[in-house]
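Here's structure-v1.txt, which has compact mmCIF, C-alpha atoms and all ligand atoms:
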```
# COMPACT_ATOMS: atom_id res chain seq x y z
CA MET A 1 95.82 113.70 42.54
CA GLU A 2 99.53 113.15 41.98
CA PHE A 3 102.28 115.76 41.90
CA THR A 4 105.72 116.77 43.12
CA TYR A 5 106.42 120.11 44.75
CA ARG A 6 109.87 121.36 45.68
CA MET A 7 111.09 124.59 47.23
CA PRO A 8 114.36 124.09 49.10
CA THR A 9 115.35 127.78 49.34
CA LYS A 10 115.23 129.39 52.76
CA ILE A 11 113.44 132.74 52.50
CA LEU A 12 114.51 135.55 54.83
CA MET A 13 112.19 138.47 54.21
CA GLY A 14 112.14 141.93 55.76
CA LYS A 15 113.92 145.24 56.07
CA ASN A 16 117.64 144.68 56.73
CA ALA A 17 117.26 140.94 56.09
CA VAL A 18 121.00 140.61 55.40
CA LEU A 19 122.14 142.48 58.51
CA LYS A 20 119.59 140.81 60.78
CA ASN A 21 120.40 137.28 59.60
CA LYS A 22 124.18 137.32 59.54
CA HIS A 23 124.45 133.78 60.88
CA GLU A 24 122.74 132.55 57.70
CA PHE A 25 126.04 133.22 55.89
CA LEU A 26 127.86 130.67 58.05
CA GLY A 27 128.41 127.04 57.16
CA TYR A 28 129.14 127.38 53.45
CA GLY A 29 132.88 127.98 53.56
CA LYS A 30 135.70 130.33 54.48
CA LYS A 31 135.62 132.43 51.33
CA ALA A 32 132.72 133.79 49.25
CA LEU A 33 132.66 134.95 45.67
CA ILE A 34 130.32 137.95 45.42
CA VAL A 35 128.78 138.21 41.95
CA THR A 36 127.19 141.49 40.84
CA GLY A 37 126.54 143.79 37.92
CA LYS A 38 128.42 147.06 37.48
CA ASN A 39 126.45 149.50 39.61
CA SER A 40 123.20 148.43 41.23
CA ALA A 41 124.71 146.32 44.02
CA LYS A 42 126.71 149.39 45.07
CA ILE A 43 124.06 152.11 44.69
CA THR A 44 121.38 150.11 46.49
CA GLY A 45 123.63 149.49 49.51
CA ALA A 46 123.22 145.72 49.12
CA LEU A 47 126.93 145.13 48.50
CA GLU A 48 127.85 147.14 51.57
CA ASP A 49 125.38 145.19 53.73
CA VAL A 50 126.82 141.90 52.49
CA THR A 51 130.49 142.84 52.85
CA ASN A 52 129.91 144.29 56.35
CA THR A 53 128.16 141.08 57.34
CA LEU A 54 130.93 138.88 55.94
CA LYS A 55 133.57 140.91 57.79
CA GLU A 56 131.62 140.50 61.01
CA MET A 57 131.33 136.76 60.41
CA ASN A 58 135.05 136.44 59.56
CA ILE A 59 134.34 135.21 56.06
CA ALA A 60 136.77 136.30 53.34
CA TYR A 61 135.44 137.43 49.98
CA ALA A 62 136.34 138.36 46.45
CA ILE A 63 134.11 140.44 44.17
CA PHE A 64 133.31 139.87 40.49
CA ASP A 65 131.27 142.93 39.43
CA ARG A 66 131.16 142.57 35.66
CA ILE A 67 127.93 140.65 35.03
CA GLU A 68 126.09 142.28 32.14
CA GLU A 69 122.33 142.22 31.49
CA ASN A 70 121.33 138.89 29.94
CA PRO A 71 124.74 137.41 30.83
CA CYS A 72 126.58 135.46 28.17
CA THR A 73 128.56 132.26 28.61
CA LYS A 74 131.89 134.04 28.09
CA THR A 75 131.31 136.24 31.14
CA ILE A 76 130.30 133.17 33.14
CA GLU A 77 133.57 131.47 32.21
CA GLU A 78 135.60 134.55 33.18
CA ALA A 79 133.85 134.86 36.54
CA ALA A 80 134.23 131.13 37.24
CA SER A 81 137.93 131.26 36.43
CA PHE A 82 138.29 134.21 38.85
CA GLY A 83 136.34 132.30 41.51
CA LYS A 84 138.57 129.23 41.12
CA THR A 85 141.75 131.35 41.42
CA GLU A 86 140.31 132.95 44.54
CA GLU A 87 139.38 129.50 45.92
CA ALA A 88 135.83 130.62 46.66
CA GLU A 89 133.75 127.99 48.41
CA PHE A 90 130.35 129.59 47.93
CA ILE A 91 128.70 132.38 45.98
CA ILE A 92 126.60 135.38 46.96
CA GLY A 93 124.70 136.80 43.99
CA ILE A 94 123.53 140.42 44.39
CA GLY A 95 121.37 142.18 41.83
CA GLY A 96 118.63 141.51 39.33
CA GLY A 97 118.02 138.24 37.56
CA SER A 98 121.21 138.61 35.52
CA PRO A 99 123.72 138.39 38.43
CA LEU A 100 121.55 135.81 40.21
CA ASP A 101 121.34 133.52 37.17
CA ALA A 102 125.03 134.09 36.51
CA SER A 103 125.81 133.05 40.10
CA LYS A 104 124.18 129.66 39.57
CA ALA A 105 126.07 129.01 36.32
CA ILE A 106 129.36 130.19 37.85
CA GLY A 107 128.70 127.89 40.81
CA ILE A 108 128.40 124.95 38.44
CA MET A 109 131.64 125.84 36.65
CA ILE A 110 133.54 126.21 39.91
CA LYS A 111 132.30 122.87 41.20
CA ASN A 112 132.87 121.06 37.88
CA LYS A 113 136.31 122.34 36.96
CA HIS A 114 136.46 120.56 33.59
CA LEU A 115 133.48 122.51 32.19
CA THR A 116 134.10 125.22 29.61
CA GLU A 117 131.90 127.77 27.89
CA GLU A 118 131.41 125.17 25.13
CA THR A 119 130.52 122.21 27.36
CA LEU A 120 128.40 124.06 29.93
CA PHE A 121 125.13 122.99 28.31
CA SER A 122 126.34 119.54 27.24
CA GLU A 123 125.19 117.29 30.06
CA LYS A 124 122.52 117.71 32.69
CA LYS A 125 122.67 117.14 36.43
CA PHE A 126 125.78 119.11 37.32
CA GLU A 127 125.82 120.37 40.88
CA SER A 128 126.90 123.83 42.02
CA ILE A 129 128.79 125.12 45.03
CA PRO A 130 126.27 126.79 47.42
CA VAL A 131 124.64 129.98 46.14
CA LEU A 132 122.96 132.67 48.27
CA ALA A 133 120.82 135.37 46.66
CA VAL A 134 120.23 139.03 47.44
CA PRO A 135 117.79 140.34 44.81
CA THR A 136 117.68 144.05 43.99
CA THR A 137 114.83 143.80 41.47
CA ALA A 138 111.32 142.51 42.13
CA GLY A 139 110.74 140.56 38.99
CA THR A 140 112.59 137.43 37.98
CA GLY A 141 112.12 135.38 41.13
CA SER A 142 115.47 133.81 40.22
CA GLU A 143 116.17 133.49 43.95
CA THR A 144 113.46 130.80 44.18
CA THR A 145 113.82 129.09 40.81
CA PRO A 146 116.36 126.46 39.79
CA TYR A 147 116.89 128.17 36.41
CA ALA A 148 119.78 130.16 34.98
CA ILE A 149 118.99 131.91 31.71
CA LEU A 150 122.11 132.67 29.71
CA THR A 151 122.78 134.31 26.38
CA ASP A 152 124.25 131.72 24.05
CA HIS A 153 125.70 133.54 21.04
CA ARG A 154 126.37 130.26 19.22
CA ALA A 155 122.66 129.38 19.40
CA LYS A 156 121.77 133.07 18.80
CA THR A 157 119.31 133.09 21.66
CA LYS A 158 118.88 133.01 25.40
CA ARG A 159 118.44 129.60 26.93
CA ASN A 160 118.08 127.95 30.28
CA LEU A 161 121.27 126.28 31.43
CA GLY A 162 119.28 123.12 32.09
CA GLN A 163 120.85 122.37 35.47
CA ILE A 164 118.96 122.50 38.72
CA VAL A 165 120.46 125.06 41.08
CA PHE A 166 118.27 126.28 43.92
CA CYS A 167 119.75 128.99 46.11
CA LYS A 168 120.39 127.91 49.68
CA ALA A 169 118.90 131.14 51.00
CA ALA A 170 117.33 134.31 49.63
CA PHE A 171 117.43 137.62 51.49
CA LEU A 172 114.39 139.64 50.42
CA ASP A 173 114.76 143.28 51.40
CA ALA A 174 112.63 145.71 49.40
CA LYS A 175 114.84 148.64 50.44
CA TYR A 176 117.22 147.56 47.66
CA THR A 177 114.52 148.22 45.05
CA GLU A 178 113.71 151.73 46.32
CA LYS A 179 116.20 153.49 44.03
CA ALA A 180 115.19 151.58 40.91
CA PRO A 181 114.01 153.91 38.14
CA TYR A 182 110.39 153.65 36.97
CA ASP A 183 111.15 151.66 33.80
CA ILE A 184 113.16 149.01 35.67
CA THR A 185 110.47 148.80 38.37
CA VAL A 186 107.72 148.35 35.77
CA ASN A 187 109.57 145.97 33.44
CA THR A 188 110.63 143.71 36.29
CA ALA A 189 107.16 143.84 37.88
CA LEU A 190 105.72 142.76 34.54
CA ASP A 191 108.13 139.82 34.51
CA ALA A 192 106.82 138.72 37.92
CA MET A 193 103.22 138.98 36.70
CA THR A 194 104.03 136.90 33.61
CA HIS A 195 105.61 134.18 35.78
CA LEU A 196 102.52 134.03 37.97
CA VAL A 197 100.19 133.82 34.96
CA GLU A 198 102.32 131.44 32.88
CA GLY A 199 102.70 129.19 35.91
CA TYR A 200 98.95 129.31 36.51
CA LEU A 201 97.91 128.67 32.89
CA ASN A 202 100.34 125.80 32.56
CA THR A 203 100.07 122.11 31.72
CA ASN A 204 102.19 121.38 34.80
CA SER A 205 100.19 123.49 37.25
CA THR A 206 99.19 121.68 40.43
CA TYR A 207 97.10 122.42 43.48
CA LEU A 208 100.15 123.85 45.25
CA SER A 209 101.52 125.87 42.35
CA ASP A 210 98.02 127.30 41.79
CA MET A 211 97.80 128.21 45.45
CA LEU A 212 101.03 130.19 45.08
CA ALA A 213 100.05 131.77 41.78
CA GLU A 214 96.65 132.84 43.10
CA LYS A 215 98.12 134.53 46.17
CA GLY A 216 100.90 136.07 44.07
CA LEU A 217 98.42 137.45 41.53
CA THR A 218 96.30 138.98 44.30
CA LEU A 219 99.38 140.63 45.83
CA TRP A 220 100.53 141.87 42.44
CA GLY A 221 97.04 143.22 41.71
CA GLU A 222 97.25 145.31 44.88
CA CYS A 223 100.23 147.08 43.28
CA VAL A 224 98.38 148.05 40.09
CA PRO A 225 97.40 151.59 41.26
CA SER A 226 101.01 152.29 42.24
CA LEU A 227 102.26 151.01 38.89
CA LEU A 228 99.83 153.33 37.12
CA GLU A 229 100.66 156.32 39.28
CA ALA A 230 104.41 155.62 39.41
CA ASP A 231 104.24 155.99 43.17
CA PHE A 232 105.78 153.20 45.24
CA ASP A 233 105.96 153.25 49.02
CA PHE A 234 107.88 150.61 50.96
CA GLU A 235 104.81 148.46 51.54
CA ILE A 236 104.14 148.27 47.79
CA ARG A 237 107.81 147.55 47.09
CA GLU A 238 107.59 144.66 49.56
CA LYS A 239 104.45 143.34 47.90
CA LEU A 240 106.14 143.42 44.51
CA MET A 241 109.17 141.63 45.88
CA LEU A 242 107.10 138.96 47.57
CA ALA A 243 104.90 138.50 44.49
CA SER A 244 108.09 138.08 42.46
CA SER A 245 109.50 135.42 44.78
CA ILE A 246 106.16 133.63 44.86
CA GLY A 247 106.12 133.72 41.06
CA GLY A 248 109.54 132.06 41.16
CA MET A 249 108.20 129.33 43.45
CA ALA A 250 105.33 128.69 41.04
CA ILE A 251 107.43 128.47 37.86
CA ALA A 252 110.11 126.48 39.67
CA ASN A 253 107.48 123.75 39.65
CA THR A 254 105.62 124.39 36.40
CA GLY A 255 108.09 126.07 34.07
CA THR A 256 107.16 129.14 32.02
CA SER A 257 105.20 129.06 28.80
CA LEU A 258 104.78 130.73 25.38
CA PRO A 259 105.57 134.39 26.22
CA HIS A 260 108.89 133.47 27.85
CA GLY A 261 109.89 131.16 25.00
CA MET A 262 108.90 133.77 22.42
CA GLY A 263 110.21 136.81 24.31
CA TYR A 264 113.83 135.61 24.21
CA ALA A 265 113.98 136.49 20.47
CA LEU A 266 112.83 140.05 21.24
CA THR A 267 115.55 140.41 23.83
CA TYR A 268 118.29 138.76 21.78
CA PHE A 269 117.60 140.42 18.44
CA LYS A 270 115.90 143.68 19.45
CA GLY A 271 117.38 144.40 22.90
CA VAL A 272 113.95 144.51 24.58
CA PRO A 273 114.23 144.14 28.40
CA HIS A 274 113.08 140.67 29.48
CA GLY A 275 109.91 141.58 31.42
CA LEU A 276 108.78 144.03 28.76
CA ALA A 277 109.37 141.42 26.04
CA ASN A 278 107.03 138.94 27.74
CA ALA A 279 104.41 141.58 28.50
CA LEU A 280 104.34 142.85 24.91
CA LEU A 281 103.19 139.38 23.84
CA PHE A 282 100.74 138.94 26.70
CA LYS A 283 97.50 140.34 25.30
CA ALA A 284 97.68 138.11 22.22
CA TYR A 285 98.84 135.16 24.34
CA LEU A 286 95.85 135.41 26.69
CA ARG A 287 93.51 135.87 23.72
CA CYS A 288 94.78 132.65 22.08
CA PHE A 289 93.27 130.41 24.79
CA GLU A 290 90.19 128.56 23.61
CA ASN A 291 89.20 127.62 27.13
CA LYS A 292 88.94 130.95 28.92
CA SER A 293 87.86 129.77 32.37
CA LYS A 294 91.27 130.05 34.07
CA VAL A 295 92.16 133.15 32.03
CA GLU A 296 89.06 134.87 33.42
CA LYS A 297 90.23 133.93 36.93
CA VAL A 298 93.55 135.67 36.25
CA TYR A 299 91.77 138.95 35.50
CA LYS A 300 89.72 138.62 38.65
CA LEU A 301 92.69 137.75 40.87
CA LEU A 302 94.57 140.77 39.53
CA GLY A 303 91.57 142.93 40.42
CA PHE A 304 90.33 143.69 36.90
CA GLY A 305 86.64 143.54 35.97
CA SER A 306 87.32 142.13 32.51
CA GLY A 307 89.95 141.16 29.97
CA GLU A 308 89.47 144.53 28.27
CA GLU A 309 90.31 146.35 31.52
CA PHE A 310 93.49 144.30 31.87
CA GLU A 311 94.45 144.99 28.26
CA GLU A 312 93.95 148.74 28.81
CA PHE A 313 96.20 148.58 31.86
CA LEU A 314 98.87 146.66 29.94
CA LEU A 315 98.82 149.23 27.16
CA LYS A 316 99.61 151.96 29.70
CA MET A 317 102.57 149.96 31.01
CA LEU A 318 104.10 149.11 27.64
CA HIS A 319 106.14 152.03 26.40
CA ALA A 320 107.60 150.34 23.37
CA ASP A 321 106.85 149.98 19.71
CA ILE A 322 108.95 147.18 18.33
CA VAL A 323 109.24 147.17 14.55
CA VAL A 324 110.00 143.82 12.95
CA SER A 325 109.92 142.34 9.48
CA ARG A 326 107.75 139.46 8.33
CA GLU A 327 110.90 137.38 7.76
CA GLU A 328 112.00 137.98 11.35
CA ILE A 329 108.78 136.76 12.91
CA GLU A 330 108.68 133.80 10.50
CA GLY A 331 112.15 132.78 11.65
CA TRP A 332 111.33 133.26 15.34
CA SER A 333 108.07 131.34 14.95
CA GLU A 334 109.90 128.42 13.35
CA ALA A 335 112.49 128.44 16.14
CA MET A 336 109.73 128.50 18.77
CA CYS A 337 108.00 125.55 17.06
CA SER A 338 111.10 123.46 17.69
CA ASN A 339 111.19 124.49 21.39
CA THR A 340 109.12 121.47 22.40
CA ALA A 341 109.96 121.85 26.09
CA LYS A 342 108.23 125.23 26.19
CA LEU A 343 105.36 124.27 23.86
CA LYS A 344 104.28 121.37 26.02
CA ASN A 345 103.82 123.72 28.97
CA HIS A 346 100.94 125.38 27.11
CA PRO A 347 97.77 123.41 27.87
CA GLU A 348 96.26 123.73 24.38
CA LEU A 349 97.45 122.74 20.92
CA VAL A 350 99.99 125.20 19.52
CA ALA A 351 100.41 125.46 15.76
CA TYR A 352 102.96 127.54 13.84
CA GLU A 353 100.10 129.97 13.12
CA THR A 354 99.38 130.36 16.86
CA ILE A 355 102.93 131.57 17.45
CA TYR A 356 103.10 133.67 14.30
CA ASN A 357 99.81 135.38 15.13
CA ILE A 358 100.93 136.23 18.67
CA TYR A 359 104.06 137.92 17.28
CA GLU A 360 102.12 139.64 14.49
CA GLN A 361 99.43 141.00 16.81
CA SER A 362 101.96 142.21 19.39
CA LEU A 363 104.56 143.98 17.25
CA SER A 364 104.63 146.51 14.42
CA VAL A 365 105.27 144.45 11.32
CA ASN A 366 107.22 146.42 8.75
CA LYS A 367 105.55 145.79 5.40
CA GLY A 368 108.39 147.30 3.31
P1 LIG B 1 118.93 142.63 35.24
O1 LIG B 1 119.31 142.25 33.84
O2 LIG B 1 119.51 141.86 36.34
O3 LIG B 1 119.26 144.17 35.45
C1 LIG B 1 118.73 145.14 34.57
C2 LIG B 1 119.29 146.51 34.92
O4 LIG B 1 118.75 146.94 36.16
C3 LIG B 1 120.79 146.53 35.09
O5 LIG B 1 121.27 147.71 34.48
C4 LIG B 1 120.98 146.60 36.60
O6 LIG B 1 122.17 147.27 36.98
C5 LIG B 1 119.79 147.42 37.00
N1 LIG B 1 119.35 147.25 38.38
C6 LIG B 1 119.16 146.11 39.09
N2 LIG B 1 118.68 146.37 40.32
C7 LIG B 1 118.55 147.72 40.39
C8 LIG B 1 118.11 148.60 41.42
N3 LIG B 1 117.64 148.16 42.58
N4 LIG B 1 118.16 149.93 41.18
C9 LIG B 1 118.59 150.40 39.98
N5 LIG B 1 119.02 149.61 38.97
C10 LIG B 1 118.99 148.28 39.17
O7 LIG B 1 117.33 142.68 35.30
P2 LIG B 1 116.23 141.62 35.72
O8 LIG B 1 115.04 141.96 34.94
O9 LIG B 1 116.14 141.51 37.19
O10 LIG B 1 116.81 140.23 35.20
C11 LIG B 1 116.66 139.83 33.85
C12 LIG B 1 117.39 138.52 33.64
O11 LIG B 1 116.81 137.50 34.48
C13 LIG B 1 117.24 138.04 32.22
O12 LIG B 1 118.45 137.47 31.78
C14 LIG B 1 116.15 136.98 32.33
O13 LIG B 1 116.19 136.03 31.28
C15 LIG B 1 116.45 136.37 33.67
N6 LIG B 1 115.33 135.66 34.29
C16 LIG B 1 115.60 134.58 35.04
C17 LIG B 1 114.59 133.85 35.62
C18 LIG B 1 114.91 132.64 36.44
O14 LIG B 1 114.02 131.93 36.85
N7 LIG B 1 116.16 132.37 36.71
C19 LIG B 1 113.26 134.23 35.48
C20 LIG B 1 113.00 135.37 34.70
C21 LIG B 1 114.04 136.09 34.13
P3 LIG B 1 123.58 146.50 37.23
O15 LIG B 1 123.96 145.91 35.89
O16 LIG B 1 124.48 147.57 37.67
O17 LIG B 1 123.32 145.43 38.24
FE FE B 2 111.00 135.90 33.34
```
Kindly transcribe the structure held in the file into structure tokens.
Amino acid sequence: MEFTYRMPTKILMGKNAVLKNKHEFLGYGKKALIVTGKNSAKITGALEDVTNTLKEMNIAYAIFDRIEENPCTKTIEEAASFGKTEEAEFIIGIGGGSPLDASKAIGIMIKNKHLTEETLFSEKKFESIPVLAVPTTAGTGSETTPYAILTDHRAKTKRNLGQIVFCKAAFLDAKYTEKAPYDITVNTALDAMTHLVEGYLNTNSTYLSDMLAEKGLTLWGECVPSLLEADFDFEIREKLMLASSIGGMAIANTGTSLPHGMGYALTYFKGVPHGLANALLFKAYLRCFENKSKVEKVYKLLGFGSGEEFEEFLLKMLHADIVVSREEIEGWSEAMCSNTAKLKNHPELVAYETIYNIYEQSLSVNKG
């Protein structure tokens, strides 16, 4: 047995995690750049908790609250330029995966002042100023992964920045997810489930990543009745948040696999939310495995009696009919075939037809 496992992020979980752990904000610098989207950091109360804590700790701050969903490199450059002007020494990302990923990329641009929107992806191994994370969705696990997924309009897709930025600390408080509407709760929960499964059914999976994925899948499975009934109490919200962070820990070590690589096209070209995009492809993805032994374990861990039961559940969660043309899925399949980094994470041989068939079976192909 030979493997590497890394998880340097300090996890602070529980109700009022920010307010109860105010000393965890010390030691990173005199001024913080707070990075958020337009509304959710405010309506969830997370921004208020963070700013009150910083005031109490005598840490100055500036706020950049213009991170859009699936953040693009231009926004990252704007936020980094603001952070440099403000002389921020560390970053606090508050929100879903978009502000958290953006925080990591902004941190790299602040630390490496010569980088521009054009050169951000050019070389690997850039370091970031410290980043702390306060997630308000239970889905991406970005707070425990080293990844930052950005929209790159030049490449006409979403791509991982390719640098390794682990957050110094993550404050997991499920109260911030309580006001999330049903579709955001479901789509982000589906993202967490896909991380756990793609990490589990992965060429790079190890004893430790499997241990995480198995526990995460069991926790997530306990939330299935609530997802079906659209009824989430605090305990379930906490389970979803923990399952999401555990999913992040798993994929931080394994990477994601086919649905994530293929889902980016659905998000970029069709505007499908990230978690939903992965989940739409999931039935066909799980069916494409020749060796079903670990796939069967996934169903069991999630609490389903069979693959059919899981597929029925997925169908109830997926409120989307995405219409595409044959030419579109041909183009996306070709692009995916050149994404060798993602392909090698799938433990079986992947041909162009494998990819094409997953798209074809998952979407409504317009024959006109
Ligand atoms: P998101 O794009 O961060 O946010 C989606 C929407 O949800 C936004 O309108 C946001 O509002 C709103 N929102 C967030 N928290 C809310 C809350 N508690 N209540 C009500 N509304 C809320 O969504 P996400 O699914 O969490 O993140 C998706 C991004 O993460 C994608 O770019 C994806 O590629 C990336 N991702 C990263 C990783 C990784 O490892 N780094 C893994 C998977 C996915 P505001 O705009 O007002 O904030
Ligand atoms: Fe994801």
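The space between CA of Tyr268 (chain A) and atom P3 of ligand LIG 1 (chain B) spans 18.1 Å.
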For CA of Lys215 (chain A) and CA of Leu227 (chain A), quote the distance in Å rounded to one decimal. 18.5 Å
One number please: CA of Ala189 (chain A) to CA of Gly139 (chain A), in Å, one decimal. 5.0 Å
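When only C-alpha atoms are used to measure the gap to Lys179 (chain A), the shortest distance among A:Thr36, A:Thr144, A:Thr85, A:Thr137 belongs to A:Thr137.
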Using only C-alpha atoms and all ligand atoms, which protein or nucleic acid residues are at most 8 Å from ligand LIG 1 (chain B), as an NGL selection string? :A and (36-44 or 66-71 or 94-101 or 135-151 or 158 or 176-181 or 184 or 187-188 or 191-192 or 195 or 248 or 251-252 or 264 or 273-275)
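Among the candidates A:Thr254, A:Thr53, A:Thr116, A:Asn204, the one nearest to Ala80 (chain A) when counting all atoms listed in the file is A:Thr116.
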Smallest atom-to-atom distance to Lys113 (chain A): which of A:Lys125, A:Ala133, A:Glu77, A:Glu24, using all atoms listed in the file? A:Glu77
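Shortest atom-to-atom contact with ligand FE 2 (chain B) among A:Lys294, A:His260, A:Lys104, A:Lys175: A:His260, counting all atoms listed in the file.
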Pick out the residues sitting within 12 Å of Phe282 (chain A), and hand them over as number ranges by chain; count all atoms listed in the file, and ignore anything fewer than 5 positions along from it in its own chain. A: 190-191, 193-195, 197-198, 257-260, 262-263, 275-277, 287-289, 295, 307, 310-311, 313-315, 317-318, 358-359, 361-363
Non-local contacts of Gly107 (chain A) (10 Å; all atoms listed in the file; under 6 positions in same chain excluded) as a ChimeraX atom specification: /A:33,76,79-80,83-84,88-92,101,126-131,165
